[in-house]
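Okay, final06.cif now, which holds mmCIF, C-alpha atoms:
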data_input
#
loop_
_atom_site.label_atom_id
_atom_site.label_comp_id
_atom_site.auth_asym_id
_atom_site.auth_seq_id
_atom_site.Cartn_x
_atom_site.Cartn_y
_atom_site.Cartn_z
CA MET A 251 21.32 -4.15 23.32
CA ASP A 252 17.92 -4.27 25.01
CA LEU A 253 15.92 -6.16 22.37
CA GLN A 254 12.68 -4.52 23.49
CA ALA A 255 14.30 -1.14 22.78
CA ARG A 256 15.78 -2.25 19.46
CA PRO A 257 15.50 0.66 17.00
CA TRP A 258 13.40 0.30 13.86
CA ARG A 259 13.77 3.92 12.75
CA SER A 260 14.75 3.06 9.20
CA VAL A 261 13.76 -0.10 7.34
CA LEU A 262 15.24 -0.09 3.84
CA TYR A 263 13.96 -2.18 0.94
CA ILE A 264 16.72 -3.83 -1.10
CA PRO A 265 15.97 -5.88 -4.26
CA GLY A 266 17.00 -9.48 -3.72
CA SER A 267 18.13 -9.78 -7.32
CA LYS A 268 20.78 -7.03 -7.35
CA GLU A 269 24.13 -8.30 -6.14
CA ARG A 270 25.72 -4.85 -5.93
CA ALA A 271 22.83 -3.51 -3.86
CA LEU A 272 23.10 -6.48 -1.48
CA GLU A 273 26.79 -5.79 -0.99
CA LYS A 274 26.23 -2.06 -0.42
CA ALA A 275 23.45 -2.69 2.10
CA ALA A 276 25.92 -4.13 4.62
CA GLY A 277 27.45 -0.67 5.05
CA LEU A 278 24.37 1.54 5.10
CA PRO A 279 23.20 3.29 8.31
CA THR A 280 19.84 1.52 8.38
CA ASP A 281 18.33 -0.21 11.40
CA ALA A 282 16.81 -2.99 9.29
CA ILE A 283 16.80 -4.26 5.73
CA ILE A 284 13.88 -5.80 3.89
CA PHE A 285 15.43 -8.03 1.24
CA ASP A 286 12.67 -8.09 -1.34
CA LEU A 287 11.84 -11.13 -3.45
CA GLU A 288 8.36 -9.84 -4.33
CA ASP A 289 7.61 -6.50 -6.03
CA ALA A 290 11.24 -5.52 -6.68
CA VAL A 291 12.07 -8.69 -8.65
CA ALA A 292 10.82 -9.48 -12.16
CA ALA A 293 9.12 -12.85 -12.64
CA GLU A 294 11.92 -14.30 -14.73
CA GLU A 295 14.50 -13.24 -12.11
CA LYS A 296 12.79 -14.69 -9.04
CA PRO A 297 14.50 -18.13 -8.91
CA ARG A 298 17.95 -16.57 -9.33
CA ALA A 299 17.21 -13.85 -6.79
CA ARG A 300 16.04 -16.42 -4.25
CA ALA A 301 19.26 -18.42 -4.54
CA LEU A 302 21.44 -15.30 -4.51
CA LEU A 303 19.76 -13.92 -1.41
CA ALA A 304 19.94 -17.16 0.54
CA GLU A 305 23.65 -17.45 -0.19
CA THR A 306 24.27 -13.77 0.64
CA LEU A 307 22.54 -14.06 4.01
CA ARG A 308 24.58 -17.15 4.84
CA THR A 309 27.93 -15.60 3.95
CA ARG A 310 27.76 -11.81 4.44
CA ASP A 311 27.89 -9.98 7.76
CA PHE A 312 25.20 -7.29 8.06
CA GLY A 313 26.24 -6.27 11.55
CA GLY A 314 23.46 -5.12 13.83
CA ARG A 315 21.04 -4.49 10.96
CA ALA A 316 17.93 -6.65 11.25
CA ARG A 317 17.54 -8.93 8.22
CA ILE A 318 13.98 -9.37 6.97
CA VAL A 319 13.07 -11.25 3.79
CA ARG A 320 9.87 -10.39 1.95
CA ILE A 321 8.72 -13.51 0.16
CA ASN A 322 6.19 -13.87 -2.62
CA GLY A 323 2.73 -14.90 -1.51
CA LEU A 324 2.00 -18.60 -1.16
CA GLY A 325 -0.71 -18.17 -3.78
CA THR A 326 1.92 -17.36 -6.41
CA ALA A 327 4.21 -19.70 -8.33
CA TRP A 328 7.20 -18.63 -6.22
CA GLY A 329 6.02 -18.31 -2.61
CA ALA A 330 6.45 -21.89 -1.44
CA ASP A 331 9.97 -22.07 -2.87
CA ASP A 332 10.86 -18.74 -1.27
CA VAL A 333 9.86 -20.04 2.16
CA ALA A 334 11.70 -23.32 1.66
CA ALA A 335 14.87 -21.49 0.63
CA MET A 336 14.87 -19.45 3.85
CA VAL A 337 14.68 -22.40 6.24
CA GLY A 338 17.87 -22.35 8.30
CA VAL A 339 19.08 -19.06 6.81
CA PRO A 340 20.23 -16.50 9.43
CA LEU A 341 17.58 -13.77 9.46
CA GLU A 342 15.33 -11.96 11.90
CA ALA A 343 12.00 -12.38 10.13
CA VAL A 344 10.09 -13.48 7.05
CA LEU A 345 7.76 -10.77 5.77
CA ILE A 346 4.50 -12.09 4.28
CA PRO A 347 2.87 -9.93 1.59
CA LYS A 348 -0.80 -8.97 1.37
CA VAL A 349 -1.89 -10.54 4.64
CA ASP A 350 -5.69 -10.63 4.84
CA SER A 351 -6.07 -12.70 8.01
CA ALA A 352 -4.23 -14.71 10.66
CA ALA A 353 -4.71 -17.76 8.44
CA ASP A 354 -2.22 -16.26 5.97
CA VAL A 355 0.34 -16.00 8.76
CA GLN A 356 -0.35 -19.57 9.89
CA ALA A 357 0.13 -20.89 6.35
CA VAL A 358 3.71 -19.59 6.36
CA ALA A 359 4.28 -20.60 9.99
CA ASP A 360 3.47 -24.18 9.03
CA ARG A 361 6.30 -24.15 6.49
CA ILE A 362 9.16 -22.53 8.40
CA PRO A 363 10.06 -23.02 12.09
CA ASP A 364 12.14 -20.94 14.47
CA VAL A 365 11.87 -17.56 12.74
CA ASP A 366 9.70 -14.55 13.48
CA LEU A 367 7.00 -13.62 11.00
CA TRP A 368 6.04 -10.12 9.88
CA ALA A 369 2.93 -9.11 7.95
CA MET A 370 2.51 -6.63 5.12
CA MET A 371 -0.64 -4.71 5.96
CA GLU A 372 -1.78 -3.47 2.57
CA THR A 373 -5.32 -4.64 1.83
CA PRO A 374 -8.73 -3.44 3.03
CA LEU A 375 -9.45 -6.89 4.48
CA GLY A 376 -6.13 -6.80 6.29
CA MET A 377 -7.11 -3.50 7.90
CA LEU A 378 -10.39 -4.98 9.12
CA ASN A 379 -8.62 -8.09 10.48
CA ALA A 380 -5.59 -6.29 11.94
CA ALA A 381 -6.29 -7.31 15.53
CA GLY A 382 -6.48 -11.01 14.69
CA ILE A 383 -3.33 -10.81 12.58
CA ALA A 384 -1.36 -9.05 15.34
CA ALA A 385 -2.53 -11.66 17.85
CA HIS A 386 -0.92 -14.55 15.95
CA PRO A 387 1.71 -16.09 18.29
CA ARG A 388 4.47 -16.09 15.66
CA LEU A 389 3.89 -12.53 14.50
CA THR A 390 6.34 -9.91 15.81
CA GLY A 391 6.11 -7.15 13.20
CA MET A 392 3.77 -5.33 10.84
CA VAL A 393 4.67 -3.19 7.82
CA MET A 394 2.22 -0.75 6.29
CA GLY A 395 1.92 -1.18 2.53
CA THR A 396 0.41 2.22 1.83
CA ASN A 397 0.85 2.13 -1.95
CA ASP A 398 -1.20 -1.04 -2.36
CA LEU A 399 -3.73 0.12 0.21
CA ALA A 400 -4.23 3.43 -1.60
CA LYS A 401 -4.69 1.57 -4.87
CA ASP A 402 -7.30 -0.76 -3.43
CA LEU A 403 -9.15 2.10 -1.75
CA GLY A 404 -9.07 4.26 -4.86
CA THR A 405 -7.72 7.25 -2.95
CA ARG A 406 -6.00 10.32 -4.29
CA PHE A 407 -2.61 11.35 -2.93
CA ARG A 408 -2.78 13.89 -0.12
CA PRO A 409 0.22 15.08 1.90
CA ASP A 410 -1.80 14.62 5.09
CA ARG A 411 -2.70 11.01 4.10
CA LEU A 412 -6.23 11.58 5.37
CA PRO A 413 -7.74 8.74 3.27
CA LEU A 414 -5.30 6.26 4.84
CA LEU A 415 -5.58 7.31 8.48
CA THR A 416 -8.31 4.83 9.37
CA GLY A 417 -6.24 1.89 8.16
CA LEU A 418 -3.05 3.21 9.73
CA GLY A 419 -4.86 3.70 13.03
CA LEU A 420 -6.44 0.25 13.04
CA CYS A 421 -3.05 -1.39 12.50
CA LEU A 422 -1.39 0.76 15.15
CA LEU A 423 -4.07 -0.17 17.68
CA ALA A 424 -3.65 -3.86 16.84
CA ALA A 425 0.15 -3.72 17.07
CA ARG A 426 0.16 -1.94 20.40
CA ALA A 427 -2.52 -4.22 21.83
CA HIS A 428 -0.37 -7.28 21.09
CA GLY A 429 3.17 -5.94 21.57
CA VAL A 430 4.08 -6.03 17.88
CA THR A 431 6.58 -3.76 16.11
CA ILE A 432 4.96 -1.62 13.42
CA VAL A 433 6.65 0.50 10.73
CA ASP A 434 5.05 3.05 8.44
CA GLY A 435 4.77 2.81 4.65
CA VAL A 436 7.16 4.26 2.08
CA TYR A 437 7.39 7.81 0.79
CA ASN A 438 7.64 7.54 -2.99
CA ALA A 439 9.26 10.87 -3.87
CA PHE A 440 12.74 9.87 -2.74
CA LYS A 441 14.30 13.20 -3.76
CA ASP A 442 11.79 15.21 -1.72
CA ALA A 443 13.47 15.41 1.68
CA GLU A 444 11.00 17.99 3.03
CA GLY A 445 7.99 15.86 2.13
CA LEU A 446 9.66 12.78 3.61
CA ARG A 447 10.38 14.61 6.84
CA ALA A 448 6.77 15.76 7.14
CA GLU A 449 5.48 12.21 6.64
CA CYS A 450 8.04 10.79 9.09
CA VAL A 451 6.97 13.35 11.71
CA GLN A 452 3.33 12.41 11.15
CA GLY A 453 4.14 8.71 11.51
CA ARG A 454 6.28 9.27 14.59
CA ASP A 455 3.57 11.41 16.19
CA MET A 456 1.01 8.68 15.48
CA GLY A 457 3.18 6.10 17.23
CA PHE A 458 4.95 4.14 14.49
CA ASP A 459 8.34 2.64 15.39
CA GLY A 460 9.95 3.69 12.11
CA LYS A 461 9.49 4.02 8.38
CA THR A 462 10.10 1.80 5.39
CA LEU A 463 12.31 3.45 2.79
CA ILE A 464 13.02 2.94 -0.90
CA HIS A 465 16.33 4.79 -1.26
CA PRO A 466 19.48 5.20 0.89
CA ASP A 467 19.17 8.98 0.61
CA GLN A 468 16.09 8.75 2.85
CA LEU A 469 17.94 7.13 5.74
CA ALA A 470 19.24 10.25 7.49
CA VAL A 471 15.81 11.86 7.79
CA ALA A 472 14.09 8.73 9.12
CA ASN A 473 16.90 8.02 11.57
CA GLU A 474 16.70 11.55 12.93
CA VAL A 475 12.91 11.82 13.20
CA PHE A 476 12.32 8.42 14.80
CA ALA A 477 15.14 8.78 17.34
CA PRO A 478 14.57 10.47 20.71
CA SER A 479 15.63 14.11 20.47
CA GLU A 480 18.10 15.67 22.90
CA ALA A 481 15.20 17.56 24.45
CA GLU A 482 13.23 14.32 24.94
CA ILE A 483 16.24 12.59 26.48
CA ASP A 484 16.84 15.50 28.83
CA LEU A 485 13.18 15.59 29.87
CA ALA A 486 13.15 11.83 30.46
CA ARG A 487 16.16 12.07 32.76
CA ARG A 488 14.67 14.96 34.70
CA GLN A 489 11.31 13.20 35.04
CA ILE A 490 12.94 10.06 36.43
CA ALA A 491 15.10 12.03 38.87
CA ALA A 492 12.14 14.09 40.08
CA PHE A 493 9.88 11.08 40.45
CA GLU A 494 12.50 9.12 42.39
CA ALA A 495 13.00 12.10 44.69
CA ALA A 496 9.26 12.37 45.20
CA GLN A 497 9.00 8.69 46.04
CA ALA A 498 11.85 8.99 48.52
CA ALA A 499 9.86 11.76 50.18
CA GLY A 500 6.80 9.53 50.39
CA GLN A 501 4.93 11.21 47.52
CA GLY A 502 3.29 9.50 44.55
CA VAL A 503 3.73 12.24 41.96
CA ALA A 504 6.34 14.82 40.99
CA VAL A 505 6.24 18.07 39.04
CA VAL A 506 8.56 18.83 36.12
CA ASP A 507 8.26 21.98 34.00
CA GLY A 508 4.94 22.72 35.64
CA LYS A 509 3.43 19.35 34.69
CA ILE A 510 2.47 16.39 36.85
CA VAL A 511 4.72 13.34 36.49
CA GLU A 512 3.23 9.99 37.47
CA ASN A 513 4.43 6.42 37.13
CA LEU A 514 3.02 6.13 33.58
CA HIS A 515 5.27 9.01 32.50
CA ILE A 516 8.26 7.21 34.01
CA VAL A 517 7.50 4.11 31.93
CA THR A 518 7.68 6.29 28.81
CA ALA A 519 10.78 8.08 30.06
CA ARG A 520 12.66 4.83 30.70
CA ALA A 521 11.66 3.55 27.27
CA THR A 522 13.01 6.77 25.71
CA LEU A 523 16.36 6.34 27.44
CA ALA A 524 16.54 2.65 26.53
CA LYS A 525 15.94 3.45 22.87
CA ALA A 526 18.56 6.20 22.92
CA ALA A 527 21.05 3.77 24.45
CA ALA A 528 20.24 1.11 21.85
CA ILE A 529 20.76 3.61 19.03
CA ALA A 530 24.08 4.69 20.53
CA ALA A 531 25.16 1.04 20.79
CA MET A 532 24.41 0.47 17.11
CA ALA A 533 26.33 3.60 16.11
CA GLY A 534 29.28 2.57 18.26
#
Using the file provided, produce a representation of the structure as structure tokens.
Amino acid sequence: MDLQARPWRSVLYIPGSKERALEKAAGLPTDAIIFDLEDAVAAEEKPRARALLAETLRTRDFGGRARIVRINGLGTAWGADDVAAMVGVPLEAVLIPKVDSAADVQAVADRIPDVDLWAMMETPLGMLNAAGIAAHPRLTGMVMGTNDLAKDLGTRFRPDRLPLLTGLGLCLLAARAHGVTIVDGVYNAFKDAEGLRAECVQGRDMGFDGKTLIHPDQLAVANEVFAPSEAEIDLARRQIAAFEAAQAAGQGVAVVDGKIVENLHIVTARATLAKAAAIAAMAG
């Protein structure tokens, strides 16, 4: 698989304390799993969950699903032990909660080598410092924490998420400026497939790589919306063919469906085909 084209359509939260859920996760059609030691685990369960998760990641095969562990913050009683327990454990990334600045990323980087770091973007200060956070050399991913952000902002729920768009946009700009993966926040009404689809479409249209999810029933919608459609794949192929033919004829642009096709469109087209191929490889 082309790692740059690796799909992040669906990123499912799994509580680190629930053994049955950890076992089930290995068979779910999700691109990535966030094994949660923070919000999903009660205080009295955190030490047991930490040990259970570390052992599970060492012994269970999760296939091509990316394994991400959300730790507790270093300012809590559990954060330092969470980081220490993940040293040497096979995983793709450690997800740091409530990141306000690049210093929060560096504090975890100092404690664990040789693993990518992701940042939960869920505070007003984090929104304002998004560019500096994304620029950290160890950071490869950002996750929108829209529930916490809405709480801190004092917003009301709106299906169009208008109160959150400034923060979402700032983080998207930062991620794209620094080549960082970015996934959208959760949709809380897990039985509302229509509402989930609308929010996934909004996030996909904005430019997010995928969506974080709280229930396996949400996987099919996210996987569909954030994957290239057949129409997009067909257009990408036709754009590439037309552009290559134009170049062979000594021309710098082509025309497809009445629209100009330049080199920048070919970059997007090739990325579309690479993502489609990566998704097919995971399914196969």
Cut-off 9 Å around (7.0, -15.9, 0.0) with all atoms listed in the file: residues as number ranges by chain:
A: 287-288, 319-326, 328-334, 344-347, 358
Could you state which residues are captured by the PyMOL selection byres ((chain A and resi 307) around 10) in this file, as a PDB file with C-alpha atoms, keeping the file's coordinate frame?
ATOM      1  CA  LEU A 272      23.100  -6.480  -1.480  1.00  0.00           C
ATOM      2  CA  PHE A 285      15.430  -8.030   1.240  1.00  0.00           C
ATOM      3  CA  LEU A 302      21.440 -15.300  -4.510  1.00  0.00           C
ATOM      4  CA  LEU A 303      19.760 -13.920  -1.410  1.00  0.00           C
ATOM      5  CA  ALA A 304      19.940 -17.160   0.540  1.00  0.00           C
ATOM      6  CA  GLU A 305      23.650 -17.450  -0.190  1.00  0.00           C
ATOM      7  CA  THR A 306      24.270 -13.770   0.640  1.00  0.00           C
ATOM      8  CA  ARG A 308      24.580 -17.150   4.840  1.00  0.00           C
ATOM      9  CA  THR A 309      27.930 -15.600   3.950  1.00  0.00           C
ATOM     10  CA  ARG A 310      27.760 -11.810   4.440  1.00  0.00           C
ATOM     11  CA  ASP A 311      27.890  -9.980   7.760  1.00  0.00           C
ATOM     12  CA  PHE A 312      25.200  -7.290   8.060  1.00  0.00           C
ATOM     13  CA  ARG A 317      17.540  -8.930   8.220  1.00  0.00           C
ATOM     14  CA  VAL A 319      13.070 -11.250   3.790  1.00  0.00           C
ATOM     15  CA  MET A 336      14.870 -19.450   3.850  1.00  0.00           C
ATOM     16  CA  VAL A 339      19.080 -19.060   6.810  1.00  0.00           C
ATOM     17  CA  PRO A 340      20.230 -16.500   9.430  1.00  0.00           C
ATOM     18  CA  LEU A 341      17.580 -13.770   9.460  1.00  0.00           C
TER      19      LEU A 341
END
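Minimum atom-to-atom distances from A:Lys509, A:Gly417, A:Ala477, A:Val433 to Ala527 in chain A were compared using only C-alpha atoms, and the lowest value belongs to A:Ala477.
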Spell out the residues picked by the PyMOL selection byres ((chain A and resi 465-475) around 6) here, as a count of residues only.
6
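If you measure from each of A:Pro387, A:Pro413, A:Gly500, A:Gly429 to Ala359 in chain A using all atoms listed in the file, the closest one turns out to be A:Pro387.
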Of the residues A:Gly419, A:Gly435, A:Pro363, A:Pro478, which is the one nearest to Ala380 in chain A, using only C-alpha atoms?
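Among A:Gly419, A:Gly435, A:Pro363, A:Pro478, it is A:Gly419 that comes nearest to Ala380 in chain A.
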